[in-house]
Amino acid sequence: MELFNGGNIALADVPLLTAHEFRSKVLHLCRGDARLLNLFGHLVSDQGVRLFAVLGFDEEAQLQIVSTLVPADRAQYEALTPDLLQAHWFEREIAEQWAVRPAGHPWLKPIRRHGNYRGVADIWQDISNPHPFFAIDGDEVHEVGVGPVHAGIIEPGHFRFQCHGEEIIHLEVQLGYQHRGIERMMCGKDLRRAVLLSECIAGDTSVGHSMAFCEVTESLAGCLVSPRAQAIRAVALELERVANHVGDLGALGMDVGFLPTSGYFGRMRGDYLNLLLALTGNRFGKGLCRPGGVLFDIDESMAEDLCRKLKHYKKEFDQVSDLLFTRPSVLARFEDVGTLSRKTAQKIGLVGPAGRASQLELDVRINYPSGMWQFHHVPISLGATGDVFARAFVRRQEVLRSLEFLLKILPTLPKGNLMTPLANFMPDTFAVSMVEGWRGEIMHVGITNSEGGFARYKIKDPSFHNWFGLVLAVRNEEISDFPLCNKSFNLSYCGHDL
Amino acid sequence: MVSDVYLFIFNISISVENEMMMLILIILHWLIALLLSPFLLGVISKVKAFFAGRVGPSLFQPYYDLSKLFQKSAVYSQTTTWVFRAAPVVALASALLLVLVIPLGGLDAPLKFQGDIFLVAYILALARFFMIAASFDTGFSMEAMGASREAFFACLSELVLFMNFITLALLTRSISLSQMIGADSPLSWSHLGPTLLLVVASLFVVLLAENCRIPIDDPDTHLELTMIHEVMILDHSGVDLAYMTYAAALKFLIFATVLVPILSGWTGVFIKDMSIYITGLLGLAIVVGIVESSMARLRLNRVRNLLLIAFVLAFFGFIVTMWRG
């Protein structure tokens, strides 16, 4: 069954295939030009766990959904991962959340280390120590463990390196220290609480996630948001993107020890956050997107003010990023480090700026346009080399293009109400929305129960795809370049851990 | 009394006749070095802050940090042994000993004898050995990694240091630091300009490498995996950390003290020499700050190239000296 970004479909209309048909269908489509966007389980009372796969056809802007039922008494199905690497992380999540065994999964470990949601025995004997880390034997091989407590003020995550001298042979990432159970808290009928939760999925992507949440609710309620509200959301989303990309460029400068740009970019990130503050009353854009519209308007004088400031900031950004990208000692650190080929990136389903740096033409704003982007085209920013330089350069391009986009739409904001009242949700419906957050493709899926409340809410942060990309990018690199590679991806821990 | 000990150990003659004078000289050396060395680090971070468009910490911040650390007690991991506790003491003691071998701003070195350049090199090596041993003692893989980097880069920078010492020894016909760079040093830029330029350039790289400055190491990084010096002292705390930090500050001063007289020479007037010396130190700290602000850190596997370039410069200096006879 096909649908568009922001669309919905009655649960009964989602094709329910046998396990074998499901597997061959997904594999067949993904051998073509489809991409696995999401794969998750949903507990269907006492029958078992229904697995949904959301497949995306990037060229046609279409989504296809297929499902299968894993019976409760024989909680097992044949894993997709051996034939489809994009499913790797998703299947581990399914095994952990629903105690369903993806038989034949090559590296079946829990990704967040919590007990399953079905309340039955986990498929691991001991959830706190379910599986050893990947280890390499040898006299000259040594193991380095970093985290979950780090020397800097960053989020917790454990990184286990197998090294030969300074060279990384293998890295294994163990996350889950930030698991809060947001997906389960989102269920039910209380949207006022859920929207606040959606802003906390990843603090630096508040606008992106709350926007995706609002689009799911609007789709389920059949609500058409006014063009003005959509434009204001787009302004906030792009400001968030610019602020984070600018901060990332500064942090990349800091990681290679190039101080001037790290200082300037750090301050400039604050400038953009302050624009969000002026717009929403919160530096991270919390409190703007609400189901049905937005809470704050941009009046004419504010739009003028924003334009004037953005023009000035754009000039500053040009100068400082020239300083960063023309310095030979900086380029020597960025180039040929942490390279991911297009083929590898495609195989593991990389998204966002990291994917674009590896020449993957993926941008929800272009591939699956919704809201404001149905009317305004933002050019895609592609990198050529897939290394740290490409990921930095894609960020720079995106900042410039986002600023151009903002300068274009701010003087001509469409008219309309800020809020459109929401009707009741359609019962037993599957709704999906995608937003290009600054890290990449955010997807929220809501499935309603017969009373019209959320029976299942599935959140996918782009980090969920990309952590494995980091793992592959640092192979055979110097261990001292790991922090730089890590920063060039700058993935979310809490967005992954939910 | 003091000189007796020296005579006994090193069998050397001491130019200062009066034991009392000797004692005053030692105290003066220590006083100047201990008071001045943290200030230089403050100057470097001020310069870096200026280039980053920030106000930056106060020039006296290193003093505040040290006094804070001196007031704290140290925490020891159960896996560590006496080696771990000995390292800070050895590091500070060897830095203080080195201060005495070097003529310091118009003041004679209290400890000087033919061959004291070897003492300098091996005291440095002793401190380094204990720091490496201490970082292995913690049983922490990252500290061991930092230690192995330190050992590798030290091998190369020691080579450069000795190459320069050989050149200076040939030029001054002496293997005592006091004669090589002391008040009666025959080094002059008008006669030996090209050679001295090579020596200064390669010694400057050694100074950056030995003091963990950018482009070799980044003293301000919080990323354990990229650190060299910082990761080795990660487990030290309180007073121990203060010793280590002070030793590092003194080390910078020591290398700068070797470099400045080569650049400036001596006038023979104490007040003049001392002010030239202090200005030179501050100037060098500013130059280091500018270097750190104007370039990114080298990729770790390129550091050896930089040190080898420094060696090549030093070697050219040596060849020029040989050729001139």
# chains A, B, ... in the order shown; residues from 1 in each chain; ligands from 1
$ residues_around --residues "Pro261 (chain B)" --least-positions-apart "3" --cutoff "12 Å" --atoms "only C-alpha atoms" --output "PDB file with C-alpha atoms, in the first residue's frame"
ATOM      1  CA  ILE B 102      71.068  26.669  32.998  1.00  0.00           C
ATOM      2  CA  PRO B 103      72.375  30.236  33.123  1.00  0.00           C
ATOM      3  CA  LEU B 104      69.314  32.253  33.837  1.00  0.00           C
ATOM      4  CA  GLY B 105      69.088  35.840  32.670  1.00  0.00           C
ATOM      5  CA  GLY B 106      72.583  37.071  33.480  1.00  0.00           C
ATOM      6  CA  LEU B 107      72.885  34.793  36.495  1.00  0.00           C
ATOM      7  CA  LEU B 177      75.660  24.615  28.815  1.00  0.00           C
ATOM      8  CA  SER B 178      77.060  27.508  30.800  1.00  0.00           C
ATOM      9  CA  GLN B 179      79.755  28.091  28.219  1.00  0.00           C
ATOM     10  CA  MET B 180      77.515  27.298  25.266  1.00  0.00           C
ATOM     11  CA  ILE B 181      74.819  29.809  26.121  1.00  0.00           C
ATOM     12  CA  GLY B 182      76.249  31.569  29.178  1.00  0.00           C
ATOM     13  CA  ALA B 183      77.604  35.059  29.546  1.00  0.00           C
ATOM     14  CA  ASP B 184      80.982  34.349  27.918  1.00  0.00           C
ATOM     15  CA  SER B 185      79.492  32.388  25.035  1.00  0.00           C
ATOM     16  CA  PRO B 186      81.256  33.126  21.743  1.00  0.00           C
ATOM     17  CA  LEU B 187      78.025  32.724  19.775  1.00  0.00           C
ATOM     18  CA  SER B 188      77.303  35.749  17.655  1.00  0.00           C
ATOM     19  CA  TRP B 189      74.733  36.292  14.973  1.00  0.00           C
ATOM     20  CA  LEU B 196      72.207  29.788  14.551  1.00  0.00           C
ATOM     21  CA  VAL B 200      66.952  28.136  16.702  1.00  0.00           C
ATOM     22  CA  ILE B 254      63.800  25.674  30.759  1.00  0.00           C
ATOM     23  CA  PHE B 255      63.531  25.222  26.999  1.00  0.00           C
ATOM     24  CA  ALA B 256      62.775  28.906  26.570  1.00  0.00           C
ATOM     25  CA  THR B 257      65.786  29.764  28.736  1.00  0.00           C
ATOM     26  CA  VAL B 258      68.023  27.750  26.427  1.00  0.00           C
ATOM     27  CA  SER B 264      69.677  37.641  22.144  1.00  0.00           C
ATOM     28  CA  GLY B 265      73.215  37.089  23.384  1.00  0.00           C
ATOM     29  CA  TRP B 266      74.484  38.844  26.520  1.00  0.00           C
ATOM     30  CA  THR B 267      75.431  42.385  27.363  1.00  0.00           C
ATOM     31  CA  ASP B 273      70.533  40.908  30.770  1.00  0.00           C
ATOM     32  CA  MET B 274      67.713  40.106  33.133  1.00  0.00           C
ATOM     33  CA  SER B 275      65.277  42.414  31.380  1.00  0.00           C
ATOM     34  CA  ILE B 276      66.319  41.091  27.981  1.00  0.00           C
ATOM     35  CA  TYR B 277      65.827  37.577  29.309  1.00  0.00           C
ATOM     36  CA  ILE B 278      62.343  38.214  30.685  1.00  0.00           C
ATOM     37  CA  THR B 279      61.285  40.086  27.550  1.00  0.00           C
ATOM     38  CA  GLY B 280      62.621  37.177  25.517  1.00  0.00           C
ATOM     39  CA  LEU B 281      60.614  34.678  27.539  1.00  0.00           C
ATOM     40  CA  LEU B 284      58.620  33.411  23.012  1.00  0.00           C
TER      41      LEU B 284
END
$ residues_around --residues "Glu436 (chain A)" --least-positions-apart "2" --cutoff "6 Å" --atoms "only C-alpha atoms" --output "PyMOL selection string"
chain A and resi 364+440-441
$ residues_around --residues "Ala151 (chain B)" --least-positions-apart "5" --cutoff "10 Å" --atoms "only C-alpha atoms" --output "ChimeraX atom specification"
/B:125,128-129,132,145-146,156-157,228
$ residues_around --residues "Gly145 (chain A)" --least-positions-apart "2" --cutoff "7 Å" --atoms "only C-alpha atoms" --output "number ranges by chain"
A: 143, 147, 159-161
$ write_last_selection --atoms "N, CA and C atoms" --output "compact mmCIF listing (two decimals), in the first residue's frame"
# COMPACT_ATOMS: atom_id res chain seq x y z
N GLU A 143 42.87 -3.47 23.55
CA GLU A 143 41.49 -3.03 23.62
C GLU A 143 41.45 -1.73 24.38
N GLY A 147 34.33 5.76 27.87
CA GLY A 147 32.97 6.06 28.29
C GLY A 147 32.38 4.96 29.14
N PHE A 159 32.34 3.24 24.01
CA PHE A 159 32.99 2.88 22.75
C PHE A 159 34.10 1.87 23.04
N ARG A 160 34.02 0.71 22.39
CA ARG A 160 35.04 -0.31 22.63
C ARG A 160 35.85 -0.51 21.35
N PHE A 161 37.12 -0.14 21.45
CA PHE A 161 38.00 -0.23 20.27
C PHE A 161 38.88 -1.47 20.36
$ atom_distance --atom1 "CA of Pro427 (chain A)" --atom2 "CA of Val54 (chain A)"
20.1 Å
$ residues_around --residues "region 71-88 of chain B" --least-positions-apart "4" --cutoff "12 Å" --atoms "only C-alpha atoms" --output "PyMOL selection string"
chain B and resi 64-67+92-95+126-140+232-248
$ interface_residues --of "chain B" --to "chain A" --cutoff "12 Å" --atoms "only C-alpha atoms" --output "PyMOL selection string"
chain B and resi 45+47-56+139-146+148-149+213-228+230-231+234-235+289-302
$ closest_residue --among "B:Val99, B:Val205, B:Leu111, B:Leu59" --to "Val312 (chain B)" --atoms "only C-alpha atoms"
B:Val205
$ atom_distance --atom1 "CA of Cys289 (chain A)" --atom2 "CA of Phe375 (chain A)"
19.9 Å
$ atom_distance --atom1 "CA of Ser190 (chain B)" --atom2 "CA of Arg324 (chain B)"
14.5 Å
$ select_by_dssp --residues "region 127-258 of chain A" --states "strand (DSSP E)" --output "VMD selection string"
chain A and resid 141 to 146 158 to 164 167 to 174
$ residues_around --residues "Thr429 (chain A)" --least-positions-apart "3" --cutoff "6 Å" --atoms "only C-alpha atoms" --output "PyMOL selection string"
chain A and resi 9-11+447-448
$ residues_around --residues "Arg439 (chain A)" --least-positions-apart "6" --cutoff "9 Å" --atoms "only C-alpha atoms" --output "VMD selection string"
chain A and resid 205 241 244 351 to 354 461 to 463 489 to 492
